[in-house]
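Undergrad: Structure file coords-v4.cif (mmCIF, C-alpha atoms) right here:
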```
data_query
#
loop_
_atom_site.label_atom_id
_atom_site.label_comp_id
_atom_site.auth_asym_id
_atom_site.auth_seq_id
_atom_site.Cartn_x
_atom_site.Cartn_y
_atom_site.Cartn_z
CA TYR A 542 -32.07 -24.07 -35.19
CA LEU A 543 -31.23 -20.36 -34.76
CA GLN A 544 -34.47 -19.44 -36.44
CA ALA A 545 -36.56 -21.56 -34.10
CA PRO A 546 -38.95 -19.25 -32.18
CA PHE A 547 -38.03 -20.59 -28.73
CA THR A 548 -34.30 -19.73 -29.13
CA HIS A 549 -34.78 -16.03 -29.98
CA GLY A 550 -31.47 -16.51 -31.81
CA GLU A 551 -32.02 -13.76 -34.40
CA ASP A 552 -33.78 -11.25 -32.19
CA GLY A 553 -30.54 -9.34 -31.62
CA ILE A 554 -29.95 -6.96 -28.70
CA GLN A 555 -33.47 -5.61 -29.12
CA GLY A 556 -34.83 -8.94 -28.00
CA ILE A 557 -33.28 -8.75 -24.51
CA PRO A 558 -35.82 -7.58 -21.92
CA GLN A 559 -34.44 -4.50 -20.10
CA GLY A 560 -37.15 -3.84 -17.56
CA TYR A 561 -37.16 -0.98 -15.06
CA LEU A 562 -34.39 0.35 -12.82
CA PHE A 563 -35.61 0.70 -9.22
CA GLY A 564 -39.08 0.14 -10.63
CA VAL A 565 -39.13 3.69 -12.02
CA PHE A 566 -36.74 4.15 -14.96
CA ASN A 567 -37.73 2.31 -18.11
CA LEU A 568 -34.44 0.98 -19.53
CA ALA A 569 -36.15 0.08 -22.79
CA ASN A 570 -36.11 3.82 -23.54
CA PRO A 571 -32.69 4.55 -25.18
CA THR A 572 -32.55 8.09 -23.79
CA ILE A 573 -33.16 6.95 -20.21
CA LEU A 574 -30.69 4.09 -20.65
CA TYR A 575 -28.04 6.58 -21.83
CA TYR A 576 -28.63 8.80 -18.79
CA VAL A 577 -28.40 5.82 -16.43
CA VAL A 578 -25.14 4.58 -17.99
CA LEU A 579 -23.67 8.11 -17.89
CA ALA A 580 -24.67 8.60 -14.25
CA GLY A 581 -23.27 5.19 -13.32
CA PHE A 582 -19.96 5.86 -15.08
CA LEU A 583 -19.45 9.33 -13.61
CA GLY A 584 -20.58 8.18 -10.18
CA SER A 585 -18.19 5.24 -10.07
CA THR A 586 -15.35 7.44 -11.39
CA GLY A 587 -16.04 10.00 -8.68
CA ALA A 588 -16.13 7.34 -5.97
CA VAL A 589 -12.78 5.90 -7.07
CA LEU A 590 -11.11 9.32 -7.22
CA ASP A 591 -12.59 10.28 -3.86
CA THR A 592 -11.24 7.13 -2.21
CA ALA A 593 -7.82 7.60 -3.79
CA PHE A 594 -7.60 11.22 -2.61
CA ARG A 595 -8.69 10.32 0.92
CA ASP A 596 -6.06 7.56 1.11
CA SER A 597 -3.42 9.98 -0.17
CA ALA A 598 -4.45 12.62 2.37
CA GLU A 599 -4.26 10.06 5.19
CA THR A 600 -0.76 9.05 4.07
CA ALA A 601 0.35 12.69 4.01
CA LEU A 602 -1.09 13.25 7.49
CA ARG A 603 0.66 10.16 8.82
CA ASP A 604 3.96 11.40 7.40
CA ARG A 605 3.44 14.82 9.01
CA LEU A 606 2.76 13.23 12.39
CA GLN A 607 5.84 11.06 11.97
CA GLY A 608 7.84 14.23 11.30
CA GLN A 609 6.46 15.74 14.51
CA VAL A 610 7.55 12.65 16.43
CA TYR A 611 11.06 12.86 15.00
CA ALA A 612 11.23 16.55 15.90
CA LEU A 613 10.27 15.77 19.51
CA LEU A 614 12.84 12.98 19.63
CA ALA A 615 15.52 15.37 18.43
CA ALA A 616 14.54 17.88 21.13
CA SER A 617 14.47 15.28 23.93
CA ASP A 618 17.20 14.70 26.46
CA LEU A 619 17.74 13.13 29.88
CA ASP A 620 18.20 15.34 32.92
CA ARG A 621 20.67 14.73 35.73
CA ARG A 622 18.30 12.30 37.39
CA GLY A 623 17.95 10.27 34.21
CA ARG A 624 14.43 11.51 33.52
CA LEU A 625 13.21 12.50 30.08
CA ALA A 626 13.08 16.24 29.54
CA LEU A 627 11.90 18.42 26.65
CA PRO A 628 12.48 22.16 26.17
CA ALA A 629 9.85 24.78 26.82
CA GLU A 630 10.06 25.96 23.21
CA LEU A 631 8.81 23.12 21.03
CA PRO A 632 9.43 22.64 17.27
CA ASP A 633 5.79 23.36 16.39
CA PRO A 634 4.23 26.36 18.20
CA ARG A 635 0.81 24.73 18.08
CA LEU A 636 1.99 22.30 20.75
CA SER A 637 2.24 25.27 23.12
CA LEU A 638 -1.27 26.57 22.40
CA ILE A 639 -4.12 25.14 24.46
CA GLY A 640 -6.69 23.38 22.26
CA SER A 641 -4.75 24.05 19.06
CA GLY A 642 -5.72 20.70 17.54
CA LEU A 643 -2.17 19.32 17.61
CA TYR A 644 -1.26 17.35 20.72
CA ALA A 645 1.74 15.37 21.94
CA GLU A 646 2.67 13.29 24.94
CA VAL A 647 5.33 10.84 26.04
CA VAL A 648 4.51 7.85 28.24
CA ASP A 649 6.76 5.27 29.86
CA ASP A 650 6.52 1.52 29.43
CA ALA A 651 3.83 1.41 32.14
CA GLY A 652 1.68 3.88 30.20
CA THR A 653 2.24 6.71 32.71
CA PRO A 654 2.64 10.16 31.10
CA VAL A 655 6.09 11.65 31.71
CA TRP A 656 5.53 14.69 29.48
CA ARG A 657 2.52 16.35 27.89
CA SER A 658 2.34 19.34 25.57
CA LYS A 659 0.60 22.49 26.77
CA SER A 660 -2.01 22.00 24.04
CA LEU A 661 -3.24 18.94 25.97
CA LEU A 662 -4.15 20.96 29.06
CA GLY A 663 -7.56 19.81 30.29
CA LEU A 664 -7.78 17.12 27.62
CA THR A 665 -7.25 13.37 27.65
CA ILE A 666 -6.84 11.23 24.54
CA ARG A 667 -7.99 7.63 24.62
CA SER A 668 -4.99 5.99 22.96
CA PRO A 669 -4.52 2.32 21.99
CA PRO A 670 -1.71 0.23 23.55
CA ALA A 671 1.84 1.31 22.75
CA PRO A 672 3.48 -0.32 19.72
CA ALA A 673 6.53 -2.56 20.02
CA LEU A 674 10.01 -1.09 20.29
CA GLY A 675 11.00 0.59 17.02
CA ALA A 676 7.49 0.22 15.59
CA ARG A 677 4.94 2.91 14.85
CA ALA A 678 1.16 2.77 15.06
CA PHE A 679 -1.16 5.06 13.10
CA ALA A 680 -4.76 4.98 14.28
CA ARG A 681 -7.95 6.97 14.58
CA VAL A 682 -8.68 7.81 18.22
CA ARG A 683 -10.97 10.02 20.30
CA ASP A 684 -10.44 12.34 23.22
CA ASP A 685 -12.55 12.53 26.38
CA ARG A 686 -14.87 14.98 24.58
CA ASP A 687 -15.46 12.36 21.86
CA THR A 688 -13.62 14.42 19.25
CA PRO A 689 -12.05 12.23 16.53
CA LEU A 690 -8.30 12.52 15.90
CA TYR A 691 -5.58 10.76 13.98
CA SER A 692 -2.72 9.63 16.18
CA LEU A 693 0.74 8.25 15.54
CA ALA A 694 2.73 6.47 18.26
CA PHE A 695 6.40 5.52 18.15
CA THR A 696 8.27 3.55 20.84
CA VAL A 697 11.98 4.12 21.50
CA SER A 698 14.51 3.07 24.10
CA TRP A 699 16.74 5.42 26.09
CA GLU A 700 19.76 4.35 28.06
CA THR A 701 20.09 6.14 31.39
CA SER A 702 23.37 7.20 32.99
CA GLY A 703 23.30 4.02 35.08
CA GLY A 704 23.19 1.88 31.97
CA ARG A 705 19.53 0.97 32.49
CA GLU A 706 17.24 0.84 29.47
CA GLN A 707 14.06 2.89 29.63
CA ARG A 708 11.34 2.72 26.99
CA TYR A 709 9.21 5.68 26.03
CA THR A 710 6.34 6.00 23.58
CA TYR A 711 5.94 9.30 21.75
CA ARG A 712 2.38 10.07 20.65
CA VAL A 713 1.34 12.92 18.40
CA SER A 714 -2.33 13.46 17.56
CA GLU A 715 -4.11 15.92 15.30
CA ASN A 716 -7.72 16.99 15.17
CA LEU A 717 -9.58 15.91 12.02
CA ALA A 718 -10.95 19.41 11.33
CA SER A 719 -8.29 20.38 8.78
CA PHE A 720 -8.25 16.88 7.25
CA ASN A 721 -12.03 16.83 6.82
CA ALA A 722 -11.98 20.36 5.38
CA GLN A 723 -9.35 19.31 2.83
CA VAL A 724 -11.41 16.27 1.79
CA ALA A 725 -14.58 18.38 1.60
CA ARG A 726 -12.89 20.94 -0.69
CA PHE A 727 -11.69 18.15 -2.97
CA ARG A 728 -15.15 16.57 -3.10
CA THR A 729 -16.78 19.88 -3.96
CA SER A 730 -14.28 20.45 -6.77
CA LEU A 731 -14.50 16.84 -7.99
CA TRP A 732 -18.28 16.62 -8.20
CA GLY A 733 -18.42 20.10 -9.71
CA TRP A 734 -16.11 19.01 -12.53
CA LEU A 735 -17.92 15.72 -13.04
CA GLY A 736 -21.27 17.51 -13.08
CA GLY A 737 -19.92 19.94 -15.66
CA MET A 738 -18.66 17.04 -17.77
CA ALA A 739 -22.09 15.41 -17.62
CA VAL A 740 -23.78 18.61 -18.81
CA LEU A 741 -21.29 18.99 -21.67
CA LEU A 742 -21.79 15.37 -22.75
CA LEU A 743 -25.57 15.78 -22.72
CA LEU A 744 -25.34 18.97 -24.76
CA ALA A 745 -22.98 17.29 -27.22
CA GLN A 746 -25.36 14.36 -27.62
CA ALA A 747 -28.30 16.70 -28.15
CA LEU A 748 -26.42 18.59 -30.85
CA LEU A 749 -25.35 15.37 -32.56
CA LEU A 750 -28.91 14.05 -32.54
CA ARG A 751 -30.22 17.33 -33.91
CA TRP A 752 -27.58 17.32 -36.63
CA GLY A 753 -28.10 13.63 -37.45
CA LEU A 754 -31.89 13.94 -37.73
CA ARG A 755 -31.76 16.85 -40.14
CA PRO A 756 -33.54 16.09 -43.46
#
```
As a first step, turn the structure in this file into structure tokens.

TA:
Amino acid sequence: YLQAPFTHGEDGIQGIPQGYLFGVFNLANPTILYYVVLAGFLGSTGAVLDTAFRDSAETALRDRLQGQVYALLAASDLDRRGRLALPAELPDPRLSLIGSGLYAEVVDDAGTPVWRSKSLLGLTIRSPPAPALGARAFARVRDDRDTPLYSLAFTVSWETSGGREQRYTYRVSENLASFNAQVARFRTSLWGWLGGMAVLLLLAQALLLRWGLRP
């Protein structure tokens, strides 16, 4: 039965039609097939590493923004009238520089700003709704100039001198310029290394073929 012509049972791997990739690359050619497999392997490896690094960088940025929120919380206090007050000298000097790329604000439970960093002068960030009490929200937002930013919001409750509870949401946002530059540097390094590996593998194969075909 295996030797029947219609089963192609003893044709082996050579009997499988390989066709053309994208209608251009003839996969029946072993050399072209090797290049395609190598490119596919290195490309998929690069894509996985790129995604993993981007996720790691986003996590690190979120943790930094959370640290900024905690620093603002530690510097916050209520004045004699029971209103939230922050010192003129902030933990991060970038918050005192106009357009520095790092911005912070505090809003009440109605969404009305009660404090804004100097870096936000002349700028408005389109922020999502405040998270629930004790929860944090990390999101990608834009300002009124359509500049993308990452933002972290954290809602807390303060008890005034009269025993009344007042909720405030602390928001810290950072421009994506440094984040994108970090990702771009990694991508340049990654694809440079993978490209170098591809060249080395091709040279190694060429040398092996030359050595193996010697009389």

Undergrad: Which one is closest to Ser660 (chain A): A:Asp591, A:Asp633, A:Asp620, A:Asp685? Count all atoms listed in the file.

TA: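 Closest candidate: A:Asp633.
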
Undergrad: My list of candidates is A:Thr600, A:Asn716, A:Asn721, A:Thr592. Which is closest to Arg686 (chain A) when distances are computed with all atoms listed in the file?

TA: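 Using all atoms listed in the file, the shortest distance to Arg686 (chain A) belongs to A:Asn716.
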
Undergrad: Running the PyMOL selection byres ((chain A and resi 617) around 6) on this model by hand, what would come out? Give it as an MDAnalysis selection string.

TA: chainID A and resid 614:616 618 626:627

Undergrad: Of the residues A:Gln707, A:Ser692, A:Gln607, A:Ser597, which is the one nearest to Phe727 (chain A), using only C-alpha atoms?

TA: A:Ser597

Undergrad: Which residues are close to Arg657 (chain A), i.e. within 9 Å by all atoms listed in the file, leaving aside same-chain residues fewer than 6 positions away? Reply as a PyMOL selection string.

TA: chain A and resi 644-648

Undergrad: For a test of reading the model, state the distance in Å between CA of Asp687 (chain A) and CA of Gly663 (chain A), rounded to one decimal.

TA: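 Interatomic distance here is 13.7 Å.
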
Undergrad: So, counting only C-alpha atoms, which residue among A:Pro628, A:Gly608, A:Gly581, A:Gly675 is closest to Ser658 (chain A)?

TA: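 Ranked by minimum distance to Ser658 (chain A), first place goes to A:Pro628.
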